[in-house]
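Containing mmCIF, C-alpha atoms: run-v9.cif.
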data_my_file
loop_
_atom_site.label_atom_id
_atom_site.label_comp_id
_atom_site.auth_asym_id
_atom_site.auth_seq_id
_atom_site.Cartn_x
_atom_site.Cartn_y
_atom_site.Cartn_z
CA MET A 1 -21.36 -49.00 -8.25
CA ILE A 2 -22.06 -52.35 -9.91
CA ALA A 3 -19.64 -52.71 -12.82
CA PHE A 4 -21.52 -54.96 -15.24
CA THR A 5 -18.89 -54.95 -17.96
CA LYS A 6 -16.02 -55.86 -15.66
CA MET A 7 -17.97 -58.56 -13.86
CA LEU A 8 -19.20 -60.10 -17.10
CA THR A 9 -16.08 -59.84 -19.27
CA GLY A 10 -13.15 -59.27 -16.93
CA LYS A 11 -12.34 -56.02 -18.74
CA ALA A 12 -12.84 -52.46 -17.55
CA THR A 13 -11.83 -48.92 -18.43
CA VAL A 14 -12.42 -46.36 -15.68
CA SER A 15 -13.19 -48.98 -13.02
CA LYS A 16 -9.81 -50.68 -13.27
CA HIS A 17 -7.99 -47.67 -11.87
CA LEU A 18 -9.39 -48.13 -8.36
CA THR A 19 -11.61 -51.17 -7.95
CA TYR A 20 -9.88 -53.83 -9.99
CA LYS A 21 -6.41 -55.13 -10.77
CA GLY A 22 -5.99 -57.94 -13.24
CA ASP A 23 -8.74 -60.50 -12.79
CA GLY A 24 -9.55 -59.61 -9.20
CA LEU A 25 -10.19 -56.81 -6.76
CA SER A 26 -7.31 -54.42 -6.25
CA ARG A 27 -5.39 -54.31 -2.99
CA GLU A 28 -6.41 -50.66 -2.62
CA PHE A 29 -10.10 -51.51 -2.95
CA ARG A 30 -9.83 -54.33 -0.41
CA GLU A 31 -8.07 -52.06 2.09
CA ILE A 32 -10.50 -49.18 1.59
CA SER A 33 -13.43 -51.57 2.01
CA GLN A 34 -12.30 -52.51 5.50
CA LYS A 35 -12.27 -48.93 6.80
CA PRO A 36 -14.92 -46.23 7.22
CA ILE A 37 -12.84 -43.81 5.12
CA PRO A 38 -15.34 -42.30 2.72
CA VAL A 39 -15.31 -41.31 -0.89
CA VAL A 40 -16.44 -37.70 -0.50
CA VAL A 41 -18.94 -35.95 -2.73
CA TRP A 42 -18.47 -32.22 -2.30
CA ASN A 43 -21.29 -30.13 -3.71
CA SER A 44 -18.98 -27.19 -4.02
CA THR A 45 -21.63 -24.72 -5.20
CA LEU A 46 -25.38 -24.52 -5.72
CA ARG A 47 -25.00 -22.07 -8.57
CA CYS A 48 -26.12 -23.62 -11.86
CA ASN A 49 -26.71 -22.58 -15.47
CA LEU A 50 -29.45 -25.22 -16.00
CA LYS A 51 -32.84 -25.94 -14.41
CA CYS A 52 -33.04 -29.73 -14.16
CA VAL A 53 -36.45 -31.05 -13.17
CA HIS A 54 -34.97 -33.92 -11.11
CA CYS A 55 -32.08 -32.10 -9.40
CA TYR A 56 -31.42 -33.75 -6.02
CA ALA A 57 -29.60 -30.63 -4.80
CA ASN A 58 -32.41 -28.27 -5.81
CA ALA A 59 -29.64 -26.18 -7.38
CA GLY A 60 -29.93 -22.55 -8.35
CA ARG A 61 -30.26 -21.28 -4.79
CA SER A 62 -27.87 -18.73 -3.33
CA VAL A 63 -25.99 -19.97 -0.25
CA LYS A 64 -22.85 -19.00 1.64
CA GLU A 65 -20.31 -21.35 0.08
CA LEU A 66 -17.10 -22.49 1.72
CA SER A 67 -14.35 -19.99 0.96
CA THR A 68 -11.17 -21.06 -0.83
CA ASP A 69 -9.27 -21.15 2.48
CA GLU A 70 -12.04 -23.11 4.20
CA ALA A 71 -12.10 -25.58 1.31
CA LYS A 72 -8.34 -26.05 1.49
CA GLU A 73 -8.52 -26.66 5.23
CA MET A 74 -11.18 -29.28 4.57
CA ILE A 75 -9.02 -30.90 1.87
CA ASN A 76 -6.06 -31.03 4.27
CA ASP A 77 -8.26 -33.00 6.67
CA PHE A 78 -9.30 -35.35 3.84
CA ALA A 79 -5.66 -35.96 3.01
CA GLU A 80 -4.78 -36.78 6.61
CA ILE A 81 -7.33 -39.59 6.80
CA GLY A 82 -6.69 -40.87 3.28
CA VAL A 83 -9.93 -40.06 1.45
CA PRO A 84 -9.61 -42.25 -1.68
CA VAL A 85 -11.53 -39.98 -4.10
CA LEU A 86 -12.95 -36.47 -3.99
CA LEU A 87 -15.90 -35.96 -6.32
CA LEU A 88 -16.50 -32.28 -7.02
CA SER A 89 -20.13 -31.68 -7.84
CA GLY A 90 -22.72 -28.94 -7.61
CA GLY A 91 -24.96 -27.24 -8.82
CA GLU A 92 -22.49 -26.74 -11.62
CA PRO A 93 -18.97 -26.91 -10.13
CA LEU A 94 -17.38 -25.11 -13.09
CA LEU A 95 -19.20 -21.96 -11.98
CA ARG A 96 -16.97 -21.93 -8.91
CA GLU A 97 -14.02 -19.73 -9.88
CA ASP A 98 -11.44 -21.59 -7.75
CA ILE A 99 -12.43 -25.12 -8.77
CA PHE A 100 -9.22 -25.75 -10.74
CA GLU A 101 -7.07 -24.40 -7.91
CA LEU A 102 -8.84 -26.59 -5.35
CA ALA A 103 -8.62 -29.73 -7.49
CA GLU A 104 -4.91 -29.18 -8.04
CA TYR A 105 -4.48 -28.61 -4.31
CA ALA A 106 -6.23 -31.91 -3.53
CA VAL A 107 -4.27 -33.88 -6.14
CA GLU A 108 -0.99 -32.51 -4.80
CA ARG A 109 -2.01 -33.95 -1.42
CA GLY A 110 -2.63 -37.37 -2.89
CA ILE A 111 -6.42 -37.24 -3.36
CA PRO A 112 -7.64 -38.23 -6.85
CA CYS A 113 -10.34 -35.84 -8.09
CA SER A 114 -13.35 -36.48 -10.30
CA LEU A 115 -15.74 -33.89 -11.69
CA SER A 116 -19.51 -34.28 -11.85
CA THR A 117 -20.77 -31.64 -14.28
CA ASN A 118 -23.52 -30.89 -16.75
CA GLY A 119 -20.76 -30.52 -19.33
CA THR A 120 -22.13 -27.44 -21.06
CA LEU A 121 -19.21 -25.24 -20.00
CA ILE A 122 -16.38 -27.58 -21.05
CA THR A 123 -14.81 -25.81 -24.00
CA GLU A 124 -11.48 -27.04 -25.38
CA GLU A 125 -9.73 -24.49 -23.15
CA VAL A 126 -11.64 -25.61 -20.05
CA ALA A 127 -10.86 -29.26 -20.87
CA GLU A 128 -7.15 -28.47 -20.90
CA ARG A 129 -7.47 -26.67 -17.59
CA LEU A 130 -9.24 -29.72 -16.13
CA LYS A 131 -6.42 -31.94 -17.32
CA ASN A 132 -3.74 -29.59 -15.97
CA ALA A 133 -5.53 -29.39 -12.61
CA GLY A 134 -5.23 -33.15 -12.34
CA PHE A 135 -8.81 -34.35 -12.73
CA SER A 136 -8.68 -38.09 -13.37
CA TYR A 137 -12.30 -38.45 -14.49
CA VAL A 138 -15.05 -36.22 -15.83
CA GLY A 139 -18.64 -37.44 -15.55
CA VAL A 140 -21.20 -35.49 -17.56
CA SER A 141 -24.91 -35.68 -16.77
CA ILE A 142 -26.87 -36.56 -19.90
CA ASP A 143 -30.39 -37.90 -19.42
CA GLY A 144 -31.54 -38.78 -22.90
CA MET A 145 -31.15 -37.81 -26.51
CA GLU A 146 -31.52 -34.16 -27.50
CA LYS A 147 -35.26 -33.60 -27.09
CA THR A 148 -35.54 -35.58 -23.84
CA ASN A 149 -32.35 -34.21 -22.29
CA ASP A 150 -33.20 -30.59 -23.04
CA MET A 151 -36.64 -31.08 -21.48
CA PHE A 152 -34.95 -32.44 -18.33
CA ARG A 153 -32.38 -29.66 -18.27
CA GLY A 154 -34.83 -26.86 -18.87
CA VAL A 155 -32.56 -25.21 -21.43
CA ARG A 156 -32.65 -25.66 -25.20
CA GLY A 157 -29.27 -26.67 -26.62
CA ALA A 158 -28.07 -28.29 -23.37
CA PHE A 159 -27.63 -31.69 -25.05
CA GLU A 160 -25.39 -30.43 -27.84
CA LYS A 161 -23.23 -28.42 -25.42
CA ALA A 162 -22.97 -31.34 -22.98
CA LEU A 163 -21.95 -33.77 -25.72
CA ASN A 164 -19.37 -31.34 -27.05
CA GLY A 165 -18.04 -30.87 -23.53
CA LEU A 166 -17.75 -34.62 -23.09
CA ILE A 167 -15.83 -34.94 -26.34
CA ASN A 168 -13.56 -32.02 -25.41
CA ALA A 169 -12.69 -33.73 -22.12
CA ARG A 170 -12.08 -37.01 -23.95
CA ASP A 171 -9.81 -35.30 -26.48
CA ALA A 172 -7.85 -33.69 -23.66
CA GLY A 173 -6.94 -37.18 -22.47
CA ILE A 174 -9.21 -37.34 -19.43
CA MET A 175 -11.24 -40.47 -18.70
CA THR A 176 -14.87 -39.64 -19.39
CA GLY A 177 -18.38 -40.99 -18.97
CA ILE A 178 -21.96 -39.97 -18.54
CA ARG A 179 -24.31 -40.10 -15.57
CA PHE A 180 -27.80 -41.08 -16.70
CA THR A 181 -30.61 -40.99 -14.12
CA VAL A 182 -33.33 -43.31 -15.39
CA THR A 183 -36.94 -42.15 -15.07
CA LYS A 184 -40.21 -42.94 -16.78
CA TYR A 185 -39.54 -40.01 -19.12
CA ASN A 186 -36.18 -41.18 -20.51
CA LEU A 187 -36.22 -44.97 -20.20
CA LYS A 188 -36.82 -45.26 -23.94
CA ASP A 189 -33.63 -43.27 -24.65
CA VAL A 190 -31.20 -45.63 -22.89
CA PRO A 191 -30.28 -47.68 -26.01
CA ALA A 192 -29.68 -44.63 -28.21
CA VAL A 193 -27.55 -42.89 -25.58
CA ILE A 194 -25.35 -45.95 -25.06
CA ASP A 195 -24.91 -46.42 -28.81
CA LEU A 196 -23.92 -42.76 -29.13
CA LEU A 197 -21.32 -43.11 -26.38
CA ALA A 198 -19.88 -46.24 -27.96
CA GLU A 199 -19.55 -44.48 -31.32
CA LYS A 200 -17.80 -41.53 -29.64
CA ASP A 201 -15.38 -43.77 -27.66
CA ILE A 202 -16.70 -42.49 -24.34
CA GLN A 203 -15.46 -44.87 -21.67
CA ARG A 204 -18.35 -45.17 -19.23
CA PHE A 205 -22.15 -45.28 -19.11
CA CYS A 206 -23.23 -44.99 -15.49
CA LEU A 207 -26.94 -45.55 -14.91
CA TYR A 208 -28.30 -44.03 -11.70
CA HIS A 209 -31.52 -45.39 -10.25
CA LEU A 210 -33.68 -42.45 -9.18
CA VAL A 211 -33.45 -41.42 -5.51
CA PRO A 212 -36.39 -39.21 -4.43
CA SER A 213 -34.62 -36.05 -3.24
CA GLY A 214 -34.70 -32.37 -4.01
CA ARG A 215 -36.88 -31.92 -7.09
CA ALA A 216 -37.08 -35.68 -7.78
CA GLY A 217 -39.95 -37.86 -6.55
CA PHE A 218 -41.27 -41.41 -6.77
CA ASP A 219 -43.79 -40.22 -9.35
CA GLN A 220 -40.92 -39.83 -11.83
CA ASP A 221 -39.58 -43.36 -11.34
CA ILE A 222 -39.97 -46.46 -13.49
CA SER A 223 -41.77 -49.59 -12.27
CA ASN A 224 -39.88 -52.57 -10.90
CA ASP A 225 -40.96 -54.69 -13.86
CA GLU A 226 -39.43 -52.07 -16.13
CA ARG A 227 -36.35 -51.96 -13.91
CA ARG A 228 -35.79 -55.71 -14.15
CA THR A 229 -36.25 -55.64 -17.93
CA LEU A 230 -33.78 -52.75 -18.16
CA ILE A 231 -31.14 -54.58 -16.12
CA ASP A 232 -31.53 -57.68 -18.31
CA TRP A 233 -31.01 -55.47 -21.35
CA LEU A 234 -27.95 -53.75 -19.83
CA ILE A 235 -26.36 -57.14 -19.13
CA SER A 236 -26.86 -58.15 -22.77
CA LYS A 237 -25.66 -54.75 -24.01
CA ALA A 238 -22.47 -54.91 -21.92
CA LEU A 239 -21.60 -58.23 -23.57
CA GLU A 240 -22.52 -56.91 -27.01
CA LEU A 241 -20.29 -53.85 -26.66
CA TYR A 242 -17.39 -55.96 -25.45
CA ASP A 243 -17.77 -58.50 -28.27
CA SER A 244 -17.90 -55.65 -30.81
CA GLY A 245 -14.68 -54.10 -29.52
CA TYR A 246 -16.13 -50.90 -28.03
CA VAL A 247 -14.46 -49.29 -25.00
CA THR A 248 -17.68 -48.15 -23.27
CA GLU A 249 -18.30 -49.95 -19.98
CA ILE A 250 -21.69 -50.13 -18.26
CA LEU A 251 -22.26 -49.57 -14.54
CA THR A 252 -25.25 -48.96 -12.30
CA VAL A 253 -25.50 -46.91 -9.11
CA ASP A 254 -27.85 -46.57 -6.12
CA ASN A 255 -29.51 -49.97 -6.26
CA PRO A 256 -27.36 -52.69 -4.66
CA ALA A 257 -29.91 -55.30 -5.76
CA ASP A 258 -28.33 -55.03 -9.22
CA GLY A 259 -25.25 -56.86 -7.96
CA VAL A 260 -27.30 -59.65 -6.40
CA TYR A 261 -29.33 -59.99 -9.59
CA LEU A 262 -26.17 -60.23 -11.71
CA HIS A 263 -24.83 -62.93 -9.35
CA LEU A 264 -28.08 -64.91 -9.71
CA LYS A 265 -28.12 -64.52 -13.50
CA LEU A 266 -24.57 -65.81 -13.83
CA LYS A 267 -25.37 -68.81 -11.63
CA GLU A 268 -28.45 -69.52 -13.72
CA CYS A 269 -26.28 -69.51 -16.85
CA GLY A 270 -23.75 -71.92 -15.33
CA GLU A 271 -21.05 -69.24 -14.96
CA GLU A 272 -20.14 -70.32 -11.42
CA ASP A 273 -16.68 -68.72 -11.35
CA LYS A 274 -17.99 -65.33 -12.49
CA ALA A 275 -20.93 -65.59 -10.12
CA GLU A 276 -18.54 -66.18 -7.22
CA LYS A 277 -16.42 -63.17 -8.21
CA VAL A 278 -19.53 -60.98 -8.19
CA LEU A 279 -20.35 -62.26 -4.72
CA GLU A 280 -16.77 -61.55 -3.60
CA PHE A 281 -17.15 -57.95 -4.78
CA LEU A 282 -20.47 -57.62 -2.96
CA ARG A 283 -18.94 -59.01 0.24
CA PHE A 284 -16.29 -56.28 0.22
CA ARG A 285 -18.59 -53.52 -0.97
CA GLY A 286 -21.35 -54.29 1.52
CA GLY A 287 -24.24 -52.82 -0.47
CA ASP A 288 -25.32 -49.24 0.19
CA ASN A 289 -22.38 -47.45 1.82
CA SER A 290 -24.22 -44.29 2.85
CA GLY A 291 -22.87 -43.03 6.17
CA ASN A 292 -19.93 -45.40 5.99
CA ARG A 293 -17.73 -45.22 2.90
CA ILE A 294 -19.75 -42.51 1.17
CA ALA A 295 -20.01 -38.99 2.62
CA CYS A 296 -21.32 -35.72 1.29
CA VAL A 297 -20.29 -32.18 2.15
CA ASP A 298 -22.67 -29.57 0.79
CA ALA A 299 -21.84 -26.08 -0.40
CA GLU A 300 -22.20 -24.61 3.09
CA GLY A 301 -20.02 -27.27 4.72
CA TYR A 302 -22.75 -29.47 6.21
CA VAL A 303 -22.00 -33.19 6.27
CA HIS A 304 -24.60 -35.75 5.12
CA PRO A 305 -24.71 -39.57 4.86
CA ASN A 306 -24.79 -39.31 1.06
CA GLN A 307 -25.36 -36.68 -1.62
CA PHE A 308 -29.14 -37.25 -1.67
CA TRP A 309 -29.73 -37.05 2.10
CA TRP A 310 -29.64 -33.31 2.72
CA ASP A 311 -32.53 -33.35 5.15
CA TYR A 312 -30.18 -35.00 7.67
CA THR A 313 -26.97 -33.36 8.89
CA CYS A 314 -24.13 -34.93 10.89
CA GLY A 315 -22.15 -31.74 11.49
CA ASN A 316 -20.33 -28.95 9.65
CA VAL A 317 -16.70 -29.00 8.53
CA LYS A 318 -16.31 -25.32 9.49
CA GLU A 319 -16.88 -26.33 13.11
CA THR A 320 -15.65 -29.93 13.26
CA PRO A 321 -13.35 -31.68 10.75
CA LEU A 322 -14.91 -34.48 8.75
CA SER A 323 -12.34 -36.85 10.23
CA LYS A 324 -13.79 -36.33 13.73
CA ILE A 325 -17.38 -36.45 12.54
CA TRP A 326 -16.79 -39.64 10.58
CA LEU A 327 -14.11 -41.71 12.32
CA ASN A 328 -15.41 -41.31 15.86
CA PRO A 329 -19.11 -41.02 15.25
CA ARG A 330 -21.44 -40.00 18.03
CA ASP A 331 -24.22 -39.61 15.53
CA GLU A 332 -26.78 -42.37 16.05
CA LEU A 333 -27.70 -42.61 12.37
CA LEU A 334 -24.09 -43.08 11.25
CA ILE A 335 -23.59 -45.79 13.85
CA LYS A 336 -26.71 -47.63 12.77
CA LEU A 337 -25.98 -47.33 9.05
CA ARG A 338 -22.66 -49.09 9.66
CA ASN A 339 -24.51 -51.92 11.37
CA LYS A 340 -27.63 -51.83 9.21
CA THR A 341 -28.26 -55.58 9.01
CA LYS A 342 -29.26 -55.52 12.71
CA TYR A 343 -32.14 -53.17 12.00
CA LEU A 344 -33.52 -54.32 8.64
CA ARG A 345 -37.20 -55.17 8.40
CA GLY A 346 -39.57 -56.38 5.72
CA ARG A 347 -38.20 -58.10 2.62
CA CYS A 348 -34.76 -56.65 3.24
CA GLY A 349 -34.73 -58.14 6.74
CA LYS A 350 -35.66 -61.60 5.40
CA CYS A 351 -33.29 -61.52 2.42
CA LYS A 352 -30.42 -64.03 2.44
CA PHE A 353 -28.24 -61.42 0.71
CA LYS A 354 -28.88 -58.68 3.26
CA GLU A 355 -25.27 -58.47 4.45
CA TRP A 356 -24.10 -57.80 0.90
CA CYS A 357 -27.01 -55.67 -0.24
CA GLY A 358 -29.39 -54.41 2.45
CA GLY A 359 -31.31 -52.22 0.04
CA PHE A 360 -30.84 -48.48 -0.45
CA ARG A 361 -31.75 -47.04 2.94
CA LEU A 362 -32.65 -43.51 1.90
CA ARG A 363 -35.11 -44.78 -0.69
CA ALA A 364 -36.69 -46.96 1.99
CA LEU A 365 -36.93 -43.91 4.25
CA ARG A 366 -38.59 -41.86 1.52
CA ALA A 367 -41.13 -44.68 1.21
CA GLY A 368 -41.89 -44.43 4.93
CA ASP A 369 -39.50 -46.71 6.87
CA LEU A 370 -35.72 -46.24 7.04
CA TRP A 371 -35.16 -49.90 7.95
CA GLY A 372 -37.97 -51.33 5.82
CA SER A 373 -38.03 -52.77 2.33
CA ASP A 374 -36.32 -50.91 -0.49
CA PRO A 375 -39.24 -50.13 -2.84
CA SER A 376 -36.93 -50.37 -5.86
CA CYS A 377 -35.91 -53.99 -5.23
CA TYR A 378 -37.15 -55.99 -8.22
CA LEU A 379 -35.95 -59.41 -7.00
CA ARG A 380 -38.60 -62.09 -6.44
CA ASP A 381 -39.19 -63.61 -3.02
CA ASP A 382 -38.06 -67.03 -4.25
CA GLU A 383 -34.74 -65.49 -5.32
CA ILE A 384 -33.88 -63.87 -2.00
CA CYS A 385 -35.46 -66.06 0.71
#
This entry written out as structure tokens:
Amino acid sequence: MIAFTKMLTGKATVSKHLTYKGDGLSREFREISQKPIPVVVWNSTLRCNLKCVHCYANAGRSVKELSTDEAKEMINDFAEIGVPVLLLSGGEPLLREDIFELAEYAVERGIPCSLSTNGTLITEEVAERLKNAGFSYVGVSIDGMEKTNDMFRGVRGAFEKALNGLINARDAGIMTGIRFTVTKYNLKDVPAVIDLLAEKDIQRFCLYHLVPSGRAGFDQDISNDERRTLIDWLISKALELYDSGYVTEILTVDNPADGVYLHLKLKECGEEDKAEKVLEFLRFRGGDNSGNRIACVDAEGYVHPNQFWWDYTCGNVKETPLSKIWLNPRDELLIKLRNKTKYLRGRCGKCKFKEWCGGFRLRALRAGDLWGSDPSCYLRDDEIC
């Protein structure tokens, strides 16, 4: 994640609870960044009440999910190695009957839990249950204003229910935000969605760059000229929201070039101190952390380098604990991902920021070459060489 608001203004809402402390990086973030202990995305179920056209998990399928006991055994293993955050996702995780029990179980063992949900099932009662279970953050997927979002979700009324769910979670005292995957169909909706969040005192707008996986493909993506224009606008909007006293912070995900671009923009504006702090963050974060400090466990227990990479499996937690799969890797891909700068080719291989960015490897793979150029890098050659 590239936290625009924090890096530009020094202030943050959700981000400050893990990544930052005061004006700098938190001790916890620095320690986590030096170890291959992953944030774990657990796609706890593939059941879903929506039919999203860009679903990376291709949700709605029936699979043999981990049982409650198997999930608890997995969580015990996470606790032993110190997993910093468990993100419960889906499908729609609230369709899993034991989701509150499992979150509470994880929190009791010292693992903060976040929920990634479509939000349509979060009534006031469910919001209270989420709070009581110990969820520290609820991220709701909203991909445009009403007409656009409902087209994406495949269900009329999904926008209104998701927004109500977001507000219910906020009113229950849980930190909240939305996950917005930008595509050529909803790019025009970004300003209106952010303004709506600001008016509703929602704490985070998290823009995901599209990763071709599941039902999502390159044909749905925006161009790199549009991407660069969007990032320029998000930088300006983050400053505008801060100056106007709104709590909503802006972040981007799945394109590490965003951090490099922000560093370059700050240098260009003469903000040398802020530019250096961005670079410090990038040094610790190391760009795309797939296969290193990001792991995914799917509904059947299979382990993947990230939540979009389901066509590659490193093992199954029912047979081998994640700790053994991850901390003593024999898997060639995991080993190479943790040493990716040795293998980079193309523009990524030539880039002077490759150790702190390195492109998003899965997107490069989808374009034809795992170690080649990230097709979503919008930086000019004169900026990176």
Please expand the PyMOL selection byres ((chain A and resi 175-183) around 7) into the concrete residues it hits in this file, giving the result as a ChimeraX atom specification. /A:14,136-143,166,169-170,173-174,184-187,202-210,220-222
Step by step, work through what the PyMOL selection byres ((chain A and resi 268-275) around 12) selects in the shown file, and finish by giving those residues as a count of residues only. 26
How would you write, as a compact mmCIF listing (two decimals) with C-alpha atoms, in the coordinates of the input, the residues chosen by the PyMOL selection byres ((chain A and resi 324) around 12) on this structure?
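So the final result, stored in expr26.txt, reads:
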# COMPACT_ATOMS: atom_id res chain seq x y z
CA PRO A 36 -14.92 -46.23 7.22
CA ILE A 37 -12.84 -43.81 5.12
CA MET A 74 -11.18 -29.28 4.57
CA ASP A 77 -8.26 -33.00 6.67
CA PHE A 78 -9.30 -35.35 3.84
CA GLU A 80 -4.78 -36.78 6.61
CA ILE A 81 -7.33 -39.59 6.80
CA VAL A 303 -22.00 -33.19 6.27
CA CYS A 314 -24.13 -34.93 10.89
CA GLY A 315 -22.15 -31.74 11.49
CA ASN A 316 -20.33 -28.95 9.65
CA VAL A 317 -16.70 -29.00 8.53
CA GLU A 319 -16.88 -26.33 13.11
CA THR A 320 -15.65 -29.93 13.26
CA PRO A 321 -13.35 -31.68 10.75
CA LEU A 322 -14.91 -34.48 8.75
CA SER A 323 -12.34 -36.85 10.23
CA ILE A 325 -17.38 -36.45 12.54
CA TRP A 326 -16.79 -39.64 10.58
CA LEU A 327 -14.11 -41.71 12.32
CA ASN A 328 -15.41 -41.31 15.86
CA PRO A 329 -19.11 -41.02 15.25
CA ARG A 330 -21.44 -40.00 18.03
CA ASP A 331 -24.22 -39.61 15.53
Of the residues A:Asp298, A:Glu199, A:Asp225, A:Glu332, which is the one nearest to Ser244 of chain A, using only C-alpha atoms?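 Once distances to Ser244 of chain A are computed over only C-alpha atoms, the minimum belongs to A:Glu199.
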Around the point (-26.3, -26.9, -23.5), in the coordinates given by the file, pick out the residues reaching within 9 Å, counting only C-alpha atoms, and return them as a ChimeraX atom specification. /A:50,118-121,150,153,155-164
In terms of only C-alpha atoms, the residue from A:Ala257, A:Val211, A:Val107, A:Cys113 at minimal distance from Val39 of chain A is A:Cys113
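Note that atom CA of Ala198 of chain A and atom CA of Leu239 of chain A are 12.9 Å apart.
Atom CA of Leu362 of chain A to atom CA of Arg228 of chain A spans 20.4 Å [interatomic distance, one decimal].
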Where's the centre, and what are the edge lengths in Å to one decimal, of a box along x, y and z enclosing all listed atoms of segment 193-205 of chain A padded 5 Å per side, as JSON?
{"center_x": -21.5, "center_y": -44.0, "center_z": -25.2, "size_x": 22.2, "size_y": 14.9, "size_z": 22.2}
Nearest to Arg215 of chain A among A:Arg47, A:Ile2, A:Lys35, A:Ala57, with distances taken over all atoms listed in the file: which residue is it?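 Smallest separation from Arg215 of chain A among the options: A:Ala57.
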Skipping near chain neighbours, those fewer than 4 positions away, what residues fall within 12 Å of Pro112 of chain A using only C-alpha atoms, listed as a PyMOL selection string? chain A and resi 17-18+39-40+75+78-79+82-88+102-108+133-138
Tell me which of A:Glu355, A:Glu300, A:Lys350, A:Ser236 sits closest to Arg283 of chain A, counting all atoms listed in the file.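 Smallest distance to Arg283 of chain A is found for A:Glu355.
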Nearby residues (only C-alpha atoms) at most 12 Å from Asp288 of chain A, same-chain spacing under 3 positions excluded, as a ChimeraX atom specification: /A:1-2,253-259,282-285,291-295,305-306,337-341,354-364,374
Convert the current residue selection to file output with C-alpha atoms, as an mmCIF file, in the frame of the given file.
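Resulting contents of selection.cif:
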data_model
loop_
_atom_site.group_PDB
_atom_site.id
_atom_site.type_symbol
_atom_site.label_atom_id
_atom_site.label_comp_id
_atom_site.auth_asym_id
_atom_site.auth_seq_id
_atom_site.Cartn_x
_atom_site.Cartn_y
_atom_site.Cartn_z
ATOM 1 C CA MET A 1 -21.360 -49.000 -8.250
ATOM 2 C CA ILE A 2 -22.060 -52.350 -9.910
ATOM 3 C CA VAL A 253 -25.500 -46.910 -9.110
ATOM 4 C CA ASP A 254 -27.850 -46.570 -6.120
ATOM 5 C CA ASN A 255 -29.510 -49.970 -6.260
ATOM 6 C CA PRO A 256 -27.360 -52.690 -4.660
ATOM 7 C CA ALA A 257 -29.910 -55.300 -5.760
ATOM 8 C CA ASP A 258 -28.330 -55.030 -9.220
ATOM 9 C CA GLY A 259 -25.250 -56.860 -7.960
ATOM 10 C CA LEU A 282 -20.470 -57.620 -2.960
ATOM 11 C CA ARG A 283 -18.940 -59.010 0.240
ATOM 12 C CA PHE A 284 -16.290 -56.280 0.220
ATOM 13 C CA ARG A 285 -18.590 -53.520 -0.970
ATOM 14 C CA GLY A 291 -22.870 -43.030 6.170
ATOM 15 C CA ASN A 292 -19.930 -45.400 5.990
ATOM 16 C CA ARG A 293 -17.730 -45.220 2.900
ATOM 17 C CA ILE A 294 -19.750 -42.510 1.170
ATOM 18 C CA ALA A 295 -20.010 -38.990 2.620
ATOM 19 C CA PRO A 305 -24.710 -39.570 4.860
ATOM 20 C CA ASN A 306 -24.790 -39.310 1.060
ATOM 21 C CA LEU A 337 -25.980 -47.330 9.050
ATOM 22 C CA ARG A 338 -22.660 -49.090 9.660
ATOM 23 C CA ASN A 339 -24.510 -51.920 11.370
ATOM 24 C CA LYS A 340 -27.630 -51.830 9.210
ATOM 25 C CA THR A 341 -28.260 -55.580 9.010
ATOM 26 C CA LYS A 354 -28.880 -58.680 3.260
ATOM 27 C CA GLU A 355 -25.270 -58.470 4.450
ATOM 28 C CA TRP A 356 -24.100 -57.800 0.900
ATOM 29 C CA CYS A 357 -27.010 -55.670 -0.240
ATOM 30 C CA GLY A 358 -29.390 -54.410 2.450
ATOM 31 C CA GLY A 359 -31.310 -52.220 0.040
ATOM 32 C CA PHE A 360 -30.840 -48.480 -0.450
ATOM 33 C CA ARG A 361 -31.750 -47.040 2.940
ATOM 34 C CA LEU A 362 -32.650 -43.510 1.900
ATOM 35 C CA ARG A 363 -35.110 -44.780 -0.690
ATOM 36 C CA ALA A 364 -36.690 -46.960 1.990
ATOM 37 C CA ASP A 374 -36.320 -50.910 -0.490
#
Point-to-point distance from atom CA of Ile335 of chain A to atom CA of Ser376 of chain A, Å rounded to tenths: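 Computed distance, atom CA of Ile335 of chain A to atom CA of Ser376 of chain A, equals 24.2 Å.
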Would you pick out the contacts of Arg61 of chain A at 10 Å or less, using all atoms listed in the file, so that residues sharing its chain but fewer than 2 positions from it are not included, and give the list as a PyMOL selection string? chain A and resi 45-48+57-59+63+91
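For the set A:Ile194, A:Leu379, A:Cys52, A:Ile122, the residue with the smallest atom-to-atom gap to Glu240 of chain A is A:Ile194, counting all atoms listed in the file.
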Might you pull out every residue within 9 Å of Arg347 of chain A, with only C-alpha atoms counted and same-chain residues fewer than 2 positions away left off, and present them as a ChimeraX atom specification? /A:344-345,349-351,372-374,381,384-385
With all atoms listed in the file as the basis for distance, which of A:Glu249, A:Asp171, A:Asp243, A:Asp369 is at the shortest distance from Leu197 of chain A?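 Once distances to Leu197 of chain A are computed over all atoms listed in the file, the minimum belongs to A:Glu249.
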Residue contacts of Glu128 of chain A (9 Å, only C-alpha atoms) excluding same-chain residues fewer than 2 positions away, as JSON, numbers by chain: {"A": [123, 124, 125, 126, 130, 131, 132, 133, 168, 169, 172, 173]}
